[in-house]
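Text of work-v4.tsv, listed as TSV, C-alpha atoms:
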chain	number	residue	atom	x	y	z
A	1	MET	CA	107.68	189.10	133.31
A	2	THR	CA	111.12	188.38	131.83
A	3	ILE	CA	112.97	185.11	131.43
A	4	SER	CA	115.20	186.06	134.34
A	5	ASP	CA	112.12	186.37	136.53
A	6	ILE	CA	111.21	182.71	136.05
A	7	SER	CA	114.62	181.08	135.67
A	8	LEU	CA	116.03	178.89	138.43
A	9	SER	CA	119.45	179.86	139.68
A	10	ARG	CA	121.84	177.52	141.48
A	11	ARG	CA	121.23	179.51	144.68
A	12	SER	CA	117.43	179.25	144.43
A	13	LEU	CA	117.65	175.51	143.85
A	14	PHE	CA	119.72	175.04	146.99
A	15	ALA	CA	117.34	177.29	148.91
A	16	ALA	CA	114.40	175.16	147.82
A	17	ALA	CA	116.26	172.00	148.80
A	18	GLY	CA	116.98	173.46	152.24
A	19	ALA	CA	113.32	174.36	152.72
A	20	GLY	CA	112.38	170.81	151.84
A	21	ALA	CA	114.79	169.38	154.38
A	22	LEU	CA	113.30	171.64	157.09
A	23	ALA	CA	109.80	170.51	156.15
A	24	VAL	CA	110.79	166.86	156.56
A	25	ALA	CA	112.47	167.58	159.87
A	26	GLY	CA	109.27	169.23	161.04
A	27	GLY	CA	107.28	166.07	160.34
A	28	VAL	CA	105.89	167.01	156.89
A	29	SER	CA	106.70	164.19	154.44
A	30	LEU	CA	107.46	165.08	150.84
A	31	ILE	CA	107.19	161.43	149.75
A	32	PRO	CA	103.93	160.86	147.87
A	33	SER	CA	101.44	158.67	149.69
A	34	PRO	CA	100.10	155.53	147.97
A	35	VAL	CA	97.27	156.13	145.50
A	36	GLN	CA	93.98	155.35	147.21
A	37	ALA	CA	91.68	155.21	144.17
A	38	ALA	CA	93.58	153.87	141.16
A	39	ALA	CA	91.59	153.91	137.91
A	40	PRO	CA	91.30	150.63	135.98
A	41	LYS	CA	93.50	150.25	132.91
A	42	ALA	CA	91.75	151.08	129.67
A	43	GLY	CA	93.12	148.00	127.91
A	44	GLU	CA	93.21	149.69	124.51
A	45	PRO	CA	94.75	152.78	122.88
A	46	LEU	CA	92.89	156.05	122.59
A	47	ALA	CA	90.83	156.46	119.45
A	48	GLY	CA	92.90	158.04	116.70
A	49	ALA	CA	91.66	161.55	115.92
A	50	LEU	CA	93.87	164.62	115.51
A	51	ARG	CA	92.77	167.99	114.13
A	52	TYR	CA	94.72	170.50	112.03
A	53	LYS	CA	93.84	173.79	110.37
A	54	VAL	CA	94.35	174.35	106.65
A	55	GLY	CA	93.32	177.88	105.88
A	56	ASP	CA	89.73	178.11	107.10
A	57	PHE	CA	89.20	174.34	106.84
A	58	GLU	CA	89.41	171.98	109.80
A	59	VAL	CA	91.09	168.69	108.87
A	60	THR	CA	90.83	165.76	111.26
A	61	ALA	CA	93.02	162.69	110.73
A	62	LEU	CA	91.15	159.51	111.67
A	63	LEU	CA	92.77	156.12	112.30
A	64	ASP	CA	90.89	153.05	111.06
A	65	GLY	CA	93.54	150.56	112.23
A	66	TYR	CA	96.68	148.90	110.94
A	67	LEU	CA	98.07	146.08	108.83
A	68	ASP	CA	101.40	144.24	108.94
A	69	VAL	CA	103.26	144.02	105.63
A	70	THR	CA	106.02	141.47	104.99
A	71	PRO	CA	108.58	141.46	102.16
A	72	GLU	CA	106.63	138.85	100.16
A	73	VAL	CA	104.23	141.55	98.97
A	74	VAL	CA	106.88	144.20	98.20
A	75	VAL	CA	107.46	144.55	94.46
A	76	GLY	CA	111.15	145.04	93.61
A	77	TYR	CA	112.26	144.11	97.13
A	78	GLU	CA	115.96	143.47	97.77
A	79	GLU	CA	116.71	141.79	101.09
A	80	ALA	CA	119.98	143.56	101.84
A	81	GLU	CA	118.41	146.95	101.16
A	82	GLY	CA	115.28	146.09	103.07
A	83	GLN	CA	117.23	144.89	106.09
A	84	ARG	CA	119.39	148.03	106.04
A	85	MET	CA	116.34	150.29	106.02
A	86	ARG	CA	114.58	148.33	108.75
A	87	ASP	CA	117.74	148.45	110.89
A	88	ALA	CA	117.93	152.22	110.39
A	89	ALA	CA	114.32	152.49	111.56
A	90	LEU	CA	115.00	150.20	114.57
A	91	ILE	CA	112.44	147.65	113.40
A	92	ASP	CA	112.72	144.11	114.75
A	93	GLY	CA	111.78	141.34	112.36
A	94	ASN	CA	110.81	141.82	108.73
A	95	ALA	CA	107.23	143.09	109.04
A	96	LEU	CA	106.28	146.72	108.66
A	97	ARG	CA	103.21	147.92	110.55
A	98	ILE	CA	101.30	150.40	108.42
A	99	PRO	CA	98.25	152.43	109.43
A	100	VAL	CA	95.04	152.99	107.53
A	101	ASN	CA	94.09	156.66	107.79
A	102	ALA	CA	91.01	158.55	106.68
A	103	TYR	CA	90.46	162.30	106.80
A	104	LEU	CA	87.48	164.42	107.77
A	105	VAL	CA	87.38	167.97	106.39
A	106	ASN	CA	84.99	170.60	107.70
A	107	THR	CA	84.88	173.29	105.03
A	108	GLY	CA	82.42	175.43	106.99
A	109	ASP	CA	79.64	174.49	104.59
A	110	ARG	CA	80.12	170.73	104.44
A	111	LEU	CA	81.56	167.82	106.36
A	112	VAL	CA	83.61	165.82	103.86
A	113	LEU	CA	85.09	162.41	104.63
A	114	VAL	CA	87.97	161.23	102.47
A	115	ASP	CA	87.86	157.41	102.44
A	116	ALA	CA	85.59	155.33	104.62
A	117	GLY	CA	87.80	152.73	106.29
A	118	THR	CA	87.44	148.98	106.23
A	119	SER	CA	84.68	147.81	108.58
A	120	ASP	CA	85.31	144.07	109.19
A	121	ALA	CA	86.75	143.31	105.74
A	122	LEU	CA	90.41	142.91	106.72
A	123	GLY	CA	90.44	141.49	110.22
A	124	PRO	CA	90.34	142.59	113.86
A	125	THR	CA	93.06	145.26	113.67
A	126	MET	CA	90.87	147.35	111.39
A	127	GLY	CA	87.41	148.92	111.42
A	128	ARG	CA	88.03	151.56	114.09
A	129	LEU	CA	86.85	154.55	112.08
A	130	PRO	CA	83.53	154.82	113.96
A	131	SER	CA	85.42	155.19	117.26
A	132	ALA	CA	87.71	157.81	115.73
A	133	LEU	CA	84.72	159.77	114.42
A	134	ALA	CA	83.13	159.62	117.87
A	135	ALA	CA	86.36	160.91	119.41
A	136	ALA	CA	86.21	163.80	116.93
A	137	GLY	CA	82.66	164.56	118.06
A	138	VAL	CA	81.05	163.64	114.73
A	139	THR	CA	78.33	161.14	113.85
A	140	ALA	CA	78.07	159.31	110.55
A	141	ASP	CA	74.74	161.02	109.84
A	142	GLN	CA	76.39	164.46	109.90
A	143	ILE	CA	78.68	163.73	106.95
A	144	ASP	CA	77.62	165.37	103.69
A	145	ALA	CA	80.02	163.77	101.22
A	146	VAL	CA	82.36	160.77	101.14
A	147	LEU	CA	85.21	161.12	98.64
A	148	ILE	CA	86.85	157.81	97.72
A	149	THR	CA	90.47	157.82	96.54
A	150	HIS	CA	90.03	154.31	95.09
A	151	MET	CA	87.77	151.34	95.65
A	152	HIS	CA	90.01	149.01	97.64
A	153	PRO	CA	88.57	147.42	100.83
A	154	ASP	CA	90.46	149.65	103.28
A	155	HIS	CA	89.10	152.80	101.61
A	156	LEU	CA	85.53	151.95	100.60
A	157	PHE	CA	84.17	148.91	102.45
A	158	GLY	CA	83.53	150.89	105.65
A	159	ALA	CA	80.88	152.87	103.77
A	160	VAL	CA	78.38	150.02	104.36
A	161	ASP	CA	77.38	148.00	107.39
A	162	GLY	CA	77.24	144.21	107.68
A	163	ASP	CA	73.88	144.12	105.90
A	164	GLY	CA	75.10	146.24	103.01
A	165	ASN	CA	73.26	149.38	104.11
A	166	PRO	CA	74.84	152.84	103.89
A	167	VAL	CA	76.68	153.89	107.03
A	168	PHE	CA	76.67	157.55	105.96
A	169	LYS	CA	72.96	157.86	105.30
A	170	ASN	CA	72.95	161.55	104.38
A	171	ALA	CA	76.15	161.56	102.33
A	172	GLU	CA	76.82	161.68	98.64
A	173	LEU	CA	79.34	159.02	97.60
A	174	ILE	CA	81.85	160.53	95.15
A	175	LEU	CA	83.97	158.10	93.11
A	176	PRO	CA	86.58	158.35	90.33
A	177	GLU	CA	84.83	157.21	87.15
A	178	VAL	CA	87.87	155.31	85.85
A	179	ASP	CA	88.19	153.36	89.08
A	180	ASN	CA	84.49	152.58	89.16
A	181	ALA	CA	84.63	151.25	85.60
A	182	PHE	CA	87.54	148.94	86.50
A	183	TRP	CA	85.83	147.39	89.54
A	184	TYR	CA	82.66	146.81	87.50
A	185	ASP	CA	84.61	145.15	84.66
A	186	ASP	CA	83.68	141.45	84.67
A	187	ALA	CA	86.65	140.58	82.46
A	188	ALA	CA	89.03	142.21	84.94
A	189	MET	CA	87.38	140.35	87.82
A	190	ASN	CA	87.46	137.00	86.06
A	191	GLY	CA	91.13	137.48	85.20
A	192	ALA	CA	92.14	138.42	88.72
A	193	PRO	CA	93.67	135.93	91.19
A	194	GLU	CA	91.04	134.19	93.32
A	195	GLN	CA	92.04	136.05	96.49
A	196	PHE	CA	91.35	139.39	94.78
A	197	LYS	CA	87.90	138.60	93.38
A	198	PRO	CA	86.17	139.55	96.67
A	199	PHE	CA	87.66	143.02	96.20
A	200	PHE	CA	85.53	143.44	93.06
A	201	LEU	CA	82.36	142.09	94.66
A	202	GLY	CA	82.82	144.18	97.81
A	203	ALA	CA	83.49	147.35	95.82
A	204	ARG	CA	80.30	146.85	93.83
A	205	ARG	CA	78.29	146.11	96.99
A	206	ALA	CA	79.44	149.32	98.66
A	207	ALA	CA	78.91	151.47	95.57
A	208	GLU	CA	75.43	150.02	94.95
A	209	ALA	CA	74.35	151.00	98.45
A	210	TYR	CA	74.69	154.65	97.37
A	211	LYS	CA	73.28	154.31	93.84
A	212	ASP	CA	70.67	157.02	94.52
A	213	LYS	CA	73.26	159.40	96.00
A	214	GLN	CA	76.35	158.72	93.94
A	215	THR	CA	78.50	160.94	91.74
A	216	LEU	CA	81.23	159.82	89.36
A	217	PHE	CA	83.86	162.31	88.25
A	218	SER	CA	86.56	162.26	85.60
A	219	GLY	CA	89.63	164.39	85.13
A	220	GLU	CA	91.23	166.90	87.45
A	221	LYS	CA	88.44	169.31	88.20
A	222	GLU	CA	86.71	170.97	91.11
A	223	ILE	CA	84.33	168.52	92.77
A	224	LEU	CA	83.13	170.64	95.67
A	225	PRO	CA	83.90	174.28	96.51
A	226	GLY	CA	87.60	174.38	97.42
A	227	VAL	CA	88.08	170.67	96.59
A	228	SER	CA	89.62	169.39	93.36
A	229	ALA	CA	90.68	165.97	92.11
A	230	MET	CA	94.27	164.99	91.33
A	231	ALA	CA	94.90	161.95	89.10
A	232	LEU	CA	97.40	159.54	90.71
A	233	PRO	CA	97.05	156.38	88.59
A	234	GLY	CA	98.86	153.08	88.94
A	235	HIS	CA	97.90	151.68	92.32
A	236	THR	CA	94.47	151.35	90.71
A	237	PRO	CA	93.52	152.74	87.30
A	238	GLY	CA	91.50	155.62	88.74
A	239	HIS	CA	93.40	156.17	91.98
A	240	SER	CA	92.96	159.86	92.85
A	241	GLY	CA	94.08	162.41	95.36
A	242	TYR	CA	92.05	165.40	96.56
A	243	VAL	CA	93.36	168.95	96.76
A	244	PHE	CA	91.85	171.13	99.49
A	245	ASP	CA	92.44	174.87	99.05
A	246	SER	CA	91.41	177.44	101.63
A	247	ASN	CA	92.52	181.00	102.26
A	248	GLY	CA	95.90	180.56	100.56
A	249	GLU	CA	96.73	177.19	102.15
A	250	THR	CA	96.65	173.76	100.51
A	251	LEU	CA	96.48	170.14	101.62
A	252	VAL	CA	96.62	167.21	99.21
A	253	ILE	CA	95.13	163.97	100.51
A	254	ALA	CA	97.05	161.56	98.32
A	255	GLY	CA	95.51	158.21	99.23
A	256	ASP	CA	97.87	155.31	98.54
A	257	ILE	CA	100.65	157.28	96.89
A	258	ILE	CA	102.87	155.39	99.34
A	259	HIS	CA	102.29	152.31	101.51
A	260	MET	CA	105.60	151.58	103.24
A	261	THR	CA	107.33	154.74	104.40
A	262	VAL	CA	110.38	152.85	105.70
A	263	TYR	CA	111.07	151.66	102.15
A	264	GLN	CA	109.38	153.83	99.57
A	265	PHE	CA	110.58	157.32	100.41
A	266	GLU	CA	114.11	156.07	99.86
A	267	ARG	CA	113.13	153.59	97.15
A	268	PRO	CA	110.04	154.98	95.37
A	269	ASP	CA	110.60	152.39	92.63
A	270	TRP	CA	109.48	149.65	95.03
A	271	GLY	CA	105.79	148.83	94.98
A	272	ILE	CA	103.26	146.67	96.76
A	273	GLY	CA	101.53	143.57	95.46
A	274	PHE	CA	98.16	145.35	95.50
A	275	ASP	CA	99.27	147.76	92.74
A	276	ILE	CA	97.25	147.07	89.60
A	277	ASP	CA	100.00	148.62	87.47
A	278	ALA	CA	103.23	148.68	89.48
A	279	PRO	CA	105.41	150.55	86.92
A	280	THR	CA	102.83	153.32	86.55
A	281	ALA	CA	102.37	153.50	90.34
A	282	ALA	CA	106.13	153.96	90.80
A	283	GLU	CA	106.27	156.62	88.09
A	284	THR	CA	103.32	158.46	89.66
A	285	ARG	CA	104.94	158.26	93.11
A	286	LYS	CA	108.24	159.76	91.90
A	287	LYS	CA	106.45	162.52	90.01
A	288	PHE	CA	104.31	163.38	93.05
A	289	PHE	CA	107.32	163.38	95.40
A	290	ASP	CA	109.24	165.66	93.03
A	291	GLN	CA	106.33	168.10	92.89
A	292	ALA	CA	105.75	167.90	96.65
A	293	ALA	CA	109.43	168.55	97.39
A	294	SER	CA	109.67	171.41	94.89
A	295	ASP	CA	106.48	173.11	96.10
A	296	LYS	CA	106.93	172.20	99.81
A	297	LEU	CA	103.49	170.70	99.50
A	298	PHE	CA	101.57	169.77	102.64
A	299	PHE	CA	100.06	166.35	102.03
A	300	ALA	CA	98.51	163.37	103.74
A	301	GLY	CA	98.70	159.66	102.99
A	302	ALA	CA	96.47	156.78	103.99
A	303	HIS	CA	99.43	154.62	105.03
A	304	ILE	CA	101.89	157.19	106.39
A	305	PRO	CA	102.28	156.78	110.19
A	306	PHE	CA	99.33	158.47	111.88
A	307	PRO	CA	98.30	161.24	111.52
A	308	GLY	CA	99.93	160.77	108.14
A	309	MET	CA	100.49	164.44	107.34
A	310	GLY	CA	103.68	166.32	106.46
A	311	ARG	CA	106.06	167.27	103.68
A	312	VAL	CA	108.74	165.52	101.64
A	313	VAL	CA	112.34	166.62	101.07
A	314	LYS	CA	114.52	165.50	98.16
A	315	ASN	CA	117.71	163.66	99.06
A	316	ALA	CA	120.53	162.72	96.72
A	317	ASP	CA	119.25	159.18	96.24
A	318	GLY	CA	115.61	159.46	97.21
A	319	TYR	CA	113.30	161.40	99.51
A	320	ARG	CA	112.78	162.02	103.20
A	321	PHE	CA	109.47	162.62	104.95
A	322	VAL	CA	109.12	165.46	107.45
A	323	ALA	CA	106.09	164.73	109.63
A	324	ALA	CA	103.75	167.54	110.63
A	325	GLY	CA	104.29	168.72	114.18
A	326	TRP	CA	101.72	168.59	116.91
A	327	PRO	CA	99.04	171.27	116.30
A	328	TYR	CA	99.98	173.42	119.31
A	329	ALA	CA	98.10	176.49	118.12
A	330	TYR	CA	94.67	176.50	116.54

Render the structure in this file as structure tokens.
Amino acid sequence: MTISDISLSRRSLFAAAGAGALAVAGGVSLIPSPVQAAAPKAGEPLAGALRYKVGDFEVTALLDGYLDVTPEVVVGYEEAEGQRMRDAALIDGNALRIPVNAYLVNTGDRLVLVDAGTSDALGPTMGRLPSALAAAGVTADQIDAVLITHMHPDHLFGAVDGDGNPVFKNAELILPEVDNAFWYDDAAMNGAPEQFKPFFLGARRAAEAYKDKQTLFSGEKEILPGVSAMALPGHTPGHSGYVFDSNGETLVIAGDIIHMTVYQFERPDWGIGFDIDAPTAAETRKKFFDQAASDKLFFAGAHIPFPGMGRVVKNADGYRFVAAGWPYAY
């Protein structure tokens, strides 16, 4: 069949219209009848789960929920610049809605979860990872390893239930050693603002739940077959990305390399108040964006609009994100 075989000509359109008019004249109505069995409204969005292929690996983006970020927590924020960027993105008001994404990777030998979501630690808009996993057809007990980019609540606290028991009962919890040392540092906890001290206690509680099945790693080395660590310090001291290589294709899951895409692709020097070391975080972000743009690197971010996967392009004064398209072919 050729394109000409299926194209609609002006003549065929008029012929179809004439046939329709004859059908109406003959008593056959072309107006749809009222629906007789309307389904009830769901009342909530579909669970966030979207699957891509990277080489021979299956990568499923999972949405845990969202947070709203206002300028008060943006380090380096300039109102005129911020307003200009929000206007360009057609955002009403001054709050940015950012997702919290996790990623499930089926390597063929293992089911690997990168970050564990939030559970009930940050309010009712979060904690939806279990629904996303269910939508992906996976149970928590099937997961073999949980890789944590850093030990903040929205990445680690979903690894335990309300009683402090492991959610992923058969999984090994894999943590950056430098990050683990920071969150177990009593001096760091005692010197932190009061509102951040629960971060330390919660991180320890989640890590302790896996003390018999826990691995700490240091440096940029292979952790699992086809999976290597990438140091991305600044947001937290041991903040890490994970590089997945399969059959000549690569995906970097870069954690919190960026939080506010409306601002930070254009202004990577801006940070967020949750950065432990804001200057280092900004330096790491620029370095990563330069590498990603130069290598046309496929990467994913925990706070890039869901599914959070794509590439970055260098502009004269900053960077531009090119989101991954819908996975039409598999």

Proximity to Leu129 in chain A - best of A:Met151, A:Ala171, A:Ala300, A:Leu63, all atoms listed in the file: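 Of the candidates, the smallest distance to Leu129 in chain A is held by A:Leu63.
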
Which range 168-279 of chain A residues have any atom within 7 Å of an atom of range 310-320 of chain A, and for each, what is the nearest pair of atoms with distance in Å to one decimal, counting only C-alpha atoms, rows sorted by chain and number, as JSON lines?
{"residue": "A:Phe265", "atom": "CA", "partner": "A:Tyr319", "partner_atom": "CA", "distance": 5.0}
{"residue": "A:Glu266", "atom": "CA", "partner": "A:Gly318", "partner_atom": "CA", "distance": 4.6}
{"residue": "A:Arg267", "atom": "CA", "partner": "A:Gly318", "partner_atom": "CA", "distance": 6.4}

Close residues, Gly164 in chain A itself excluded, 9 Å, only C-alpha atoms, min 5 positions apart in chain, as JSON, numbers by chain: {"A": [159, 205, 206, 208, 209]}

CA of Ala192 in chain A to CA of Ala207 in chain A, distance in Å rounded to a single decimal: 19.8 Å

Of the listed residues A:Met230, A:Leu46, A:Val146, A:Ile258, that which approaches Leu175 in chain A most closely, counting only C-alpha atoms: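 Smallest separation from Leu175 in chain A among the options: A:Val146.
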
Selected residue, from A:Asp144, A:Asp275, A:Glu81, A:Asp109, that lies nearest to Pro233 in chain A when counting all atoms listed in the file: A:Asp275

Top pick for closest residue to Arg204 in chain A, considering A:Val167, A:Ala323, A:Met189, A:Ile143 and counting all atoms listed in the file: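 Among the listed residues, the smallest separation from Arg204 in chain A belongs to A:Met189.
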
Within 10 Å of Lys221 in chain A using all atoms listed in the file, minus same-chain residues under 5 positions, as an MDAnalysis selection string: chainID A and resid 227:231 242:243

Spatial sel., origin (102.6, 146.0, 89.0), limit 12 Å, all atoms listed in the file, listed as a list in words: Val73, Val74, Val75, Gly76, Pro233, Gly234, His235, Thr236, Pro237, Asp269, Trp270, Gly271, Ile272, Gly273, Phe274, Asp275, Ile276, Asp277, Ala278, Pro279, Thr280, Ala281, Ala282 and Glu283 of chain A

Residue among A:Tyr263, A:Tyr210, A:Phe299, A:Phe289 lying closest to Ala61 in chain A, counting only C-alpha atoms: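 Among the listed residues, the smallest separation from Ala61 in chain A belongs to A:Phe299.
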
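Across the model, the gap from CA of Glu249 in chain A to CA of Asp115 in chain A is 21.7 Å.
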
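Nearest residue to Gly248 in chain A among A:Gly55, A:Pro130, A:Gly65, A:Pro166 is A:Gly55, counting all atoms listed in the file.
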
Gap from CA of Gly82 in chain A to CA of Tyr66 in chain A - Å, one decimal: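 Taking CA of Gly82 in chain A as the start and CA of Tyr66 in chain A as the end point, the length is 20.4 Å.
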
Polymer residues at most 10 Å from Pro225 in chain A, only C-alpha atoms, same-chain spacing of 5 or more positions, as an NGL selection string: :A and (107 or 109-110 or 244-246)

Include C-alpha atoms and write out the residues we just selected as a CSV table (one decimal), in the frame of the given file.
chain,number,residue,atom,x,y,z
A,107,THR,CA,84.9,173.3,105.0
A,109,ASP,CA,79.6,174.5,104.6
A,110,ARG,CA,80.1,170.7,104.4
A,244,PHE,CA,91.8,171.1,99.5
A,245,ASP,CA,92.4,174.9,99.0
A,246,SER,CA,91.4,177.4,101.6

Residue neighbourhood Asn94 in chain A, 9 Å, all atoms listed in the file, exclusion window fewer than 4 positions, as a PyMOL selection string: chain A and resi 69-71+82-83+86

Would you put the residues from that selection into a file with C-alpha atoms, as a PDB file, in the coordinates of the input?
ATOM      1  CA  VAL A  69     103.260 144.020 105.630  1.00  0.00           C
ATOM      2  CA  THR A  70     106.020 141.470 104.990  1.00  0.00           C
ATOM      3  CA  PRO A  71     108.580 141.460 102.160  1.00  0.00           C
ATOM      4  CA  GLY A  82     115.280 146.090 103.070  1.00  0.00           C
ATOM      5  CA  GLN A  83     117.230 144.890 106.090  1.00  0.00           C
ATOM      6  CA  ARG A  86     114.580 148.330 108.750  1.00  0.00           C
TER       7      ARG A  86
END

Radius query 12 Å about (83.8, 146.4, 87.6), atoms used: all atoms listed in the file, as a count of residues only: 29
